[in-house]
file work36.cif (mmCIF, C-alpha atoms)
data_final
loop_
_atom_site.label_atom_id
_atom_site.label_comp_id
_atom_site.auth_asym_id
_atom_site.auth_seq_id
_atom_site.Cartn_x
_atom_site.Cartn_y
_atom_site.Cartn_z
CA MET A 26 0.00 0.00 0.00
CA ARG A 27 1.14 3.55 -0.83
CA ALA A 28 -0.37 6.81 0.40
CA GLU A 29 -2.32 7.24 -2.87
CA ARG A 30 -3.04 3.60 -3.65
CA ALA A 31 -4.10 0.47 -1.78
CA VAL A 32 -4.63 -3.08 -3.01
CA ILE A 33 -6.40 -6.03 -1.39
CA MET A 34 -6.15 -9.39 -3.13
CA GLY A 35 -8.05 -12.50 -2.11
CA MET A 36 -9.88 -15.62 -3.23
CA THR A 37 -13.61 -16.24 -3.32
CA GLN A 38 -15.26 -19.46 -2.11
CA ASP A 39 -15.54 -20.71 -5.68
CA GLY A 40 -11.80 -20.27 -6.28
CA ARG A 41 -11.64 -16.97 -8.17
CA VAL A 42 -8.89 -14.46 -7.37
CA ARG A 43 -10.24 -10.93 -7.12
CA VAL A 44 -8.56 -7.60 -6.51
CA LEU A 45 -9.93 -4.50 -4.80
CA GLN A 46 -7.91 -1.43 -5.70
CA ALA A 47 -8.48 1.95 -4.05
CA SER A 48 -6.93 5.23 -5.17
CA ARG A 49 -6.91 8.61 -3.48
CA SER A 50 -7.38 12.03 -5.05
CA GLU A 51 -7.66 15.50 -3.53
CA THR A 52 -10.04 18.33 -4.37
CA GLY A 53 -10.04 21.93 -3.22
CA LEU A 54 -7.28 24.52 -3.27
CA ASP A 55 -7.31 26.13 0.17
CA THR A 56 -8.25 23.07 2.22
CA PRO A 57 -7.73 19.93 0.10
CA VAL A 58 -10.15 17.11 0.83
CA ALA A 59 -9.10 13.52 0.15
CA HIS A 60 -11.48 11.25 -1.75
CA TRP A 61 -11.05 7.51 -2.18
CA GLN A 62 -12.41 5.60 -5.15
CA SER A 63 -12.31 1.83 -5.49
CA VAL A 64 -12.63 -0.70 -8.28
CA THR A 65 -12.77 -4.50 -8.15
CA PHE A 66 -11.73 -6.92 -10.86
CA ALA A 67 -10.89 -10.58 -11.38
CA ILE A 68 -7.57 -11.99 -12.57
CA ASN A 69 -8.17 -14.42 -15.41
CA GLY A 70 -5.84 -17.33 -16.05
CA LEU A 71 -5.19 -18.26 -12.43
CA PRO A 72 -5.86 -21.76 -11.02
CA ARG A 73 -8.62 -22.55 -8.54
CA THR A 74 -6.19 -23.89 -5.94
CA VAL A 75 -3.81 -21.35 -4.41
CA GLN A 76 -1.25 -22.02 -1.66
CA ASP A 77 0.01 -18.49 -1.15
CA MET A 78 -0.09 -15.02 -2.68
CA ALA A 79 1.56 -11.64 -2.15
CA VAL A 80 1.23 -8.11 -3.54
CA THR A 81 4.29 -5.87 -3.89
CA PRO A 82 4.33 -2.63 -1.84
CA ASP A 83 4.09 -0.49 -4.99
CA ALA A 84 0.86 -2.36 -5.89
CA ARG A 85 2.11 -3.04 -9.41
CA MET A 86 2.79 -6.78 -9.20
CA ALA A 87 1.39 -9.82 -7.45
CA TYR A 88 2.69 -13.36 -7.10
CA VAL A 89 0.42 -16.40 -6.78
CA LEU A 90 1.78 -19.81 -5.79
CA SER A 91 -0.16 -22.88 -6.91
CA ASP A 92 1.21 -26.43 -6.81
CA ALA A 93 4.53 -26.35 -8.71
CA ASN A 94 3.93 -23.02 -10.45
CA LEU A 95 4.38 -19.35 -9.60
CA TYR A 96 2.08 -16.95 -11.45
CA VAL A 97 3.48 -13.46 -12.02
CA VAL A 98 0.59 -10.99 -12.21
CA HIS A 99 0.77 -7.42 -13.49
CA LEU A 100 -1.69 -5.09 -11.75
CA GLY A 101 -3.07 -2.02 -13.49
CA LYS A 102 -5.45 0.60 -12.14
CA SER A 103 -8.59 -1.26 -13.18
CA SER A 104 -7.45 -4.65 -14.44
CA GLY A 105 -4.69 -7.23 -14.21
CA TYR A 106 -3.22 -10.07 -16.24
CA VAL A 107 -0.86 -13.02 -15.83
CA ARG A 108 2.50 -11.95 -17.27
CA GLU A 109 4.13 -15.37 -17.04
CA VAL A 110 3.93 -18.75 -15.32
CA VAL A 111 7.15 -20.20 -13.92
CA SER A 112 7.75 -23.71 -12.63
CA VAL A 113 9.36 -23.42 -9.19
CA ALA A 114 9.40 -27.10 -8.16
CA LYS A 115 12.79 -28.58 -7.27
CA GLU A 116 13.34 -32.22 -8.28
CA GLY A 117 9.78 -33.17 -7.50
CA GLN A 118 9.73 -31.25 -4.20
CA ALA A 119 6.75 -28.90 -4.21
CA PRO A 120 7.08 -25.29 -3.04
CA VAL A 121 5.20 -24.53 0.16
CA HIS A 122 5.39 -20.79 0.84
CA LEU A 123 6.44 -17.48 -0.71
CA SER A 124 7.71 -14.22 0.79
CA LEU A 125 8.80 -10.88 -0.67
CA LEU A 126 12.32 -9.73 0.05
CA SER A 127 12.93 -6.08 0.98
CA GLY A 128 12.26 -3.82 -1.99
CA ALA A 129 9.80 -6.38 -3.41
CA ASN A 130 12.09 -7.09 -6.37
CA SER A 131 12.85 -10.60 -5.14
CA VAL A 132 10.64 -13.54 -4.23
CA LEU A 133 11.72 -16.11 -1.64
CA ILE A 134 10.17 -19.56 -2.01
CA SER A 135 10.53 -22.24 0.66
CA HIS A 136 10.51 -25.84 -0.54
CA ALA A 137 9.74 -29.24 0.95
CA ASP A 138 13.41 -30.28 0.59
CA ASP A 139 14.49 -27.78 3.31
CA THR A 140 15.74 -25.12 0.90
CA VAL A 141 14.80 -21.52 0.13
CA SER A 142 15.19 -20.24 -3.43
CA GLN A 143 15.49 -16.60 -4.50
CA TRP A 144 13.86 -15.40 -7.72
CA PHE A 145 13.88 -12.02 -9.44
CA ASP A 146 13.34 -10.52 -12.88
CA VAL A 147 16.24 -10.81 -15.31
CA LEU A 148 16.23 -8.82 -18.55
CA ARG A 149 16.95 -11.00 -21.57
CA ASP A 150 16.43 -9.85 -25.16
CA GLY A 151 14.44 -6.88 -23.92
CA GLN A 152 11.99 -9.04 -21.95
CA ARG A 153 11.72 -9.47 -18.20
CA SER A 154 11.62 -13.06 -16.99
CA LEU A 155 11.41 -14.31 -13.41
CA THR A 156 14.57 -16.37 -12.85
CA GLU A 157 15.94 -18.46 -10.00
CA THR A 158 19.23 -16.90 -8.92
CA ARG A 159 20.19 -18.51 -5.61
CA THR A 160 19.36 -21.45 -3.35
CA PHE A 161 19.89 -21.51 0.41
CA THR A 162 20.17 -24.91 2.10
CA LEU A 163 18.96 -25.45 5.66
CA PRO A 164 19.39 -28.39 8.08
CA ASP A 165 17.04 -31.36 7.73
CA SER A 166 13.69 -30.19 9.08
CA PRO A 167 10.59 -28.71 7.41
CA ILE A 168 10.62 -24.92 7.02
CA VAL A 169 7.81 -23.36 9.03
CA ASN A 170 8.30 -19.66 8.38
CA VAL A 171 10.50 -17.25 6.41
CA ILE A 172 10.86 -13.73 7.83
CA PRO A 173 12.49 -11.12 5.53
CA GLU A 174 14.19 -8.05 6.96
CA TYR A 175 12.54 -4.68 6.34
CA ALA A 176 15.36 -2.67 4.79
CA ARG A 177 18.09 -5.16 3.83
CA LYS A 178 18.43 -8.27 1.70
CA GLY A 179 18.47 -10.63 4.66
CA PHE A 180 15.96 -13.09 6.07
CA PHE A 181 15.40 -15.56 8.91
CA ALA A 182 14.09 -19.10 8.48
CA LEU A 183 12.38 -21.03 11.27
CA GLN A 184 12.20 -24.83 11.08
CA GLN A 185 9.93 -27.38 12.71
CA ASP A 186 12.61 -28.61 15.13
CA GLY A 187 13.20 -25.09 16.51
CA GLN A 188 16.27 -24.33 14.40
CA LEU A 189 16.58 -20.65 13.49
CA SER A 190 18.85 -19.63 10.62
CA ALA A 191 19.77 -16.22 9.21
CA PHE A 192 20.88 -15.53 5.65
CA TYR A 193 21.99 -12.57 3.57
CA THR A 194 21.24 -13.10 -0.08
CA THR A 195 24.65 -12.05 -1.46
CA VAL A 196 26.49 -14.28 1.03
CA LYS A 197 26.48 -18.01 0.38
CA GLY A 198 25.61 -20.06 3.44
CA ALA A 199 23.93 -19.22 6.73
CA ILE A 200 25.46 -16.44 8.84
CA PHE A 201 23.65 -17.88 11.87
CA SER A 202 22.07 -21.27 12.56
CA GLU A 203 21.23 -22.59 16.03
CA PRO A 204 18.44 -24.52 17.80
CA VAL A 205 16.85 -21.47 19.45
CA PHE A 206 13.36 -22.75 20.30
CA ALA A 207 12.55 -25.90 22.28
CA GLY A 208 9.06 -27.35 22.51
CA ASP A 209 6.28 -25.29 20.96
CA LEU A 210 7.33 -22.94 18.18
CA PRO A 211 6.42 -19.24 18.33
CA GLU A 212 3.15 -18.36 16.65
CA LEU A 213 4.63 -15.11 15.39
CA LEU A 214 8.21 -14.11 14.66
CA VAL A 215 8.96 -10.46 13.83
CA ILE A 216 12.20 -8.65 12.99
CA ALA A 217 12.60 -4.98 13.97
CA PRO A 218 12.93 -2.40 11.15
CA ARG A 219 16.59 -1.83 12.09
CA ALA A 220 17.17 -5.62 12.20
CA ASN A 221 18.59 -5.36 15.74
CA ARG A 222 15.71 -7.06 17.59
CA LEU A 223 13.77 -10.27 17.03
CA LEU A 224 10.42 -10.79 18.74
CA ALA A 225 8.90 -14.25 19.24
CA VAL A 226 5.26 -14.41 20.36
CA SER A 227 3.50 -17.52 21.69
CA GLY A 228 0.08 -16.78 23.16
CA HIS A 229 0.66 -14.36 26.04
CA ASP A 230 4.40 -15.10 26.18
CA TRP A 231 6.87 -12.80 24.43
CA GLN A 232 10.57 -13.39 23.93
CA LEU A 233 12.82 -10.54 22.79
CA PHE A 234 16.24 -11.23 21.28
CA ASP A 235 19.10 -8.81 20.64
CA VAL A 236 20.52 -9.28 17.14
CA ASP A 237 24.10 -8.25 16.37
CA ASN A 238 24.30 -8.39 12.59
CA ARG A 239 25.38 -4.92 11.48
CA HIS A 240 27.17 -5.62 8.19
CA PRO A 241 26.09 -9.01 6.82
CA GLU A 242 26.71 -7.92 3.23
CA ILE A 243 30.49 -7.65 3.65
CA GLY A 244 32.33 -10.72 2.44
CA ILE A 245 35.11 -11.75 0.09
CA ALA A 246 32.61 -12.31 -2.74
CA SER A 247 31.06 -8.84 -2.41
CA LEU A 248 34.52 -7.23 -2.55
CA TRP A 249 36.31 -9.19 -5.27
CA GLN A 250 33.87 -11.35 -7.23
CA GLU A 251 30.79 -10.78 -9.37
CA ILE A 252 27.46 -10.82 -7.56
CA TRP A 253 24.06 -11.22 -9.22
CA TYR A 254 21.84 -8.32 -8.13
CA GLU A 255 18.18 -7.60 -8.88
CA GLY A 256 17.55 -5.70 -12.10
CA THR A 257 20.76 -6.84 -13.82
CA GLN A 258 21.32 -9.30 -16.62
CA SER A 259 22.64 -12.79 -16.00
CA GLN A 260 26.14 -12.83 -14.51
CA ARG A 261 28.56 -15.50 -13.35
CA MET A 262 27.69 -16.65 -9.86
CA CYS A 263 30.48 -16.29 -7.32
CA GLY A 264 32.05 -19.03 -5.25
CA SER A 265 31.43 -19.49 -1.55
CA PRO A 266 32.91 -16.69 0.61
CA PRO A 267 33.87 -17.22 4.24
CA ARG A 268 30.76 -17.25 6.41
CA ARG A 269 30.15 -14.26 8.63
CA THR A 270 28.78 -14.79 12.11
CA MET A 271 25.75 -13.23 13.77
CA ASN A 272 25.06 -13.07 17.49
CA LEU A 273 21.59 -13.65 18.95
CA ASN A 274 20.98 -13.13 22.67
CA ARG A 275 17.82 -13.27 24.76
CA ASN A 276 17.00 -9.87 26.18
#
call {"tool": "encode", "arguments": {"input": "work36.cif", "output": "structure tokens"}}
result
Amino acid sequence: MRAERAVIMGMTQDGRVRVLQASRSETGLDTPVAHWQSVTFAINGLPRTVQDMAVTPDARMAYVLSDANLYVVHLGKSSGYVREVVSVAKEGQAPVHLSLLSGANSVLISHADDTVSQWFDVLRDGQRSLTETRTFTLPDSPIVNVIPEYARKGFFALQQDGQLSAFYTTVKGAIFSEPVFAGDLPELLVIAPRANRLLAVSGHDWQLFDVDNRHPEIGIASLWQEIWYEGTQSQRMCGSPPRRTMNLNRN
């Protein structure tokens, strides 16, 4: 949602994906008065079974995950259409969840084989195409939740056995991975906007963690080797740099 535009996307009981889009305009010179107008429309070409969906903050794109496919949807002011359909399955392992990385130019998809893949648009022959660029491997346990940072290209991954891992997308390998939670997993896991606090909520119980992870982007690869960034054409992927460490302490 932006100040002048808001989008709500959902699915009806009969399996149709519909979008409500509201836009704001102002009238009056001396004392402007804000007026909101809304329009609803359906997105044709989407399947009736949807696992997950997300709308980018600029309200221009949406991503819909269904079975082994990711549907890339372009949103206009009064209509939308499916730009492309990409297979995101990995060796027969179905995708289970999608998240938007900071900036909404990258999609993170968690898979049943305990990996998270990163996808973003790559320009080839003048056409944008959603492309898998990186894969992050986690220990053997189903991924329960992926929590992107607000302002950086990092994310946390929580697994069913209580393992919590932290990644930065231009650094290969986890910068933190420890069994943080024992017993019941938190119902909600939230990272602070400055990425220096992590809040775990389970019912009426809250746990606050201090996070020391000030410069996760600095590594040998980012200094001396080519890195594949969003919005660029295909480049040679770098080798594995030394892993950086992150500290996590209960407050």
call {"tool": "residues_around", "arguments": {"input": "work36.cif", "residues": "A:Pro211", "least_positions_apart": "3", "cutoff": "12 Å", "atoms": "only C-alpha atoms", "output": "VMD selection string"}}
result
chain A and resid 169 to 170 183 to 189 205 to 208 214 to 215 223 to 233
call {"tool": "atom_distance", "arguments": {"input": "work36.cif", "atom1": "atom CA of A:Ile68", "atom2": "atom CA of A:Glu29"}}
result
22.2 Å
call {"tool": "resolve_selection", "arguments": {"input": "work36.cif", "expression": "the PyMOL selection byres ((chain A and resi 94) around 8)", "output": "ChimeraX atom specification"}}
result
/A:90-93,95-96,110-114
call {"tool": "resolve_selection", "arguments": {"input": "work36.cif", "expression": "the PyMOL selection byres ((chain A and resi 64) around 8)", "output": "VMD selection string"}}
result
chain A and resid 45 to 47 62 to 63 65 to 66 103
call {"tool": "resolve_selection", "arguments": {"input": "work36.cif", "expression": "the PyMOL selection byres ((chain A and resi 236) around 8)", "output": "PyMOL selection string"}}
result
chain A and resi 220-223+234-235+237-238+271-274
call {"tool": "write_last_selection", "arguments": {"input": "work36.cif", "atoms": "C-alpha atoms", "output": "compact mmCIF listing (two decimals), in the coordinates of the input"}}
result
# COMPACT_ATOMS: atom_id res chain seq x y z
CA ALA A 220 17.17 -5.62 12.20
CA ASN A 221 18.59 -5.36 15.74
CA ARG A 222 15.71 -7.06 17.59
CA LEU A 223 13.77 -10.27 17.03
CA PHE A 234 16.24 -11.23 21.28
CA ASP A 235 19.10 -8.81 20.64
CA ASP A 237 24.10 -8.25 16.37
CA ASN A 238 24.30 -8.39 12.59
CA MET A 271 25.75 -13.23 13.77
CA ASN A 272 25.06 -13.07 17.49
CA LEU A 273 21.59 -13.65 18.95
CA ASN A 274 20.98 -13.13 22.67
call {"tool": "atom_distance", "arguments": {"input": "work36.cif", "atom1": "atom CA of A:Arg159", "atom2": "atom CA of A:Glu212"}}
result
28.0 Å
call {"tool": "atom_distance", "arguments": {"input": "work36.cif", "atom1": "atom CA of A:Arg219", "atom2": "atom CA of A:Asp139"}}
result
27.5 Å
call {"tool": "axis_aligned_box", "arguments": {"input": "work36.cif", "around": "stretch 176-186 of chain A", "padding_each_side": "5 Å", "output": "lines of an AutoDock Vina configuration file"}}
result
center_x = 14.2
center_y = -15.6
center_z = 8.4
size_x = 18.5
size_y = 35.9
size_z = 23.4
call {"tool": "residues_around", "arguments": {"input": "work36.cif", "residues": "stretch 161-163 of chain A", "least_positions_apart": "6", "cutoff": "9 Å", "atoms": "all atoms listed in the file", "output": "PDB file with C-alpha atoms, keeping the file's coordinate frame"}}
result
ATOM      1  CA  ASP A 138      13.410 -30.280   0.590  1.00  0.00           C
ATOM      2  CA  ASP A 139      14.490 -27.780   3.310  1.00  0.00           C
ATOM      3  CA  THR A 140      15.740 -25.120   0.900  1.00  0.00           C
ATOM      4  CA  VAL A 141      14.800 -21.520   0.130  1.00  0.00           C
ATOM      5  CA  SER A 142      15.190 -20.240  -3.430  1.00  0.00           C
ATOM      6  CA  GLN A 143      15.490 -16.600  -4.500  1.00  0.00           C
ATOM      7  CA  ALA A 182      14.090 -19.100   8.480  1.00  0.00           C
ATOM      8  CA  GLN A 184      12.200 -24.830  11.080  1.00  0.00           C
ATOM      9  CA  SER A 190      18.850 -19.630  10.620  1.00  0.00           C
ATOM     10  CA  PHE A 192      20.880 -15.530   5.650  1.00  0.00           C
ATOM     11  CA  THR A 194      21.240 -13.100  -0.080  1.00  0.00           C
ATOM     12  CA  LYS A 197      26.480 -18.010   0.380  1.00  0.00           C
ATOM     13  CA  GLY A 198      25.610 -20.060   3.440  1.00  0.00           C
ATOM     14  CA  ALA A 199      23.930 -19.220   6.730  1.00  0.00           C
ATOM     15  CA  SER A 202      22.070 -21.270  12.560  1.00  0.00           C
TER      16      SER A 202
END
call {"tool": "residues_near_point", "arguments": {"input": "work36.cif", "point": "(1.1, -4.4, -8.5)", "cutoff": "12 Å", "atoms": "all atoms listed in the file", "output": "ChimeraX atom specification"}}
result
/A:26-27,30-34,44-46,79-88,97-108,129-130
call {"tool": "residues_around", "arguments": {"input": "work36.cif", "residues": "A:Asp146", "least_positions_apart": "6", "cutoff": "6 Å", "atoms": "only C-alpha atoms", "output": "JSON, numbers by chain"}}
result
{"A": [153, 154, 155, 156]}
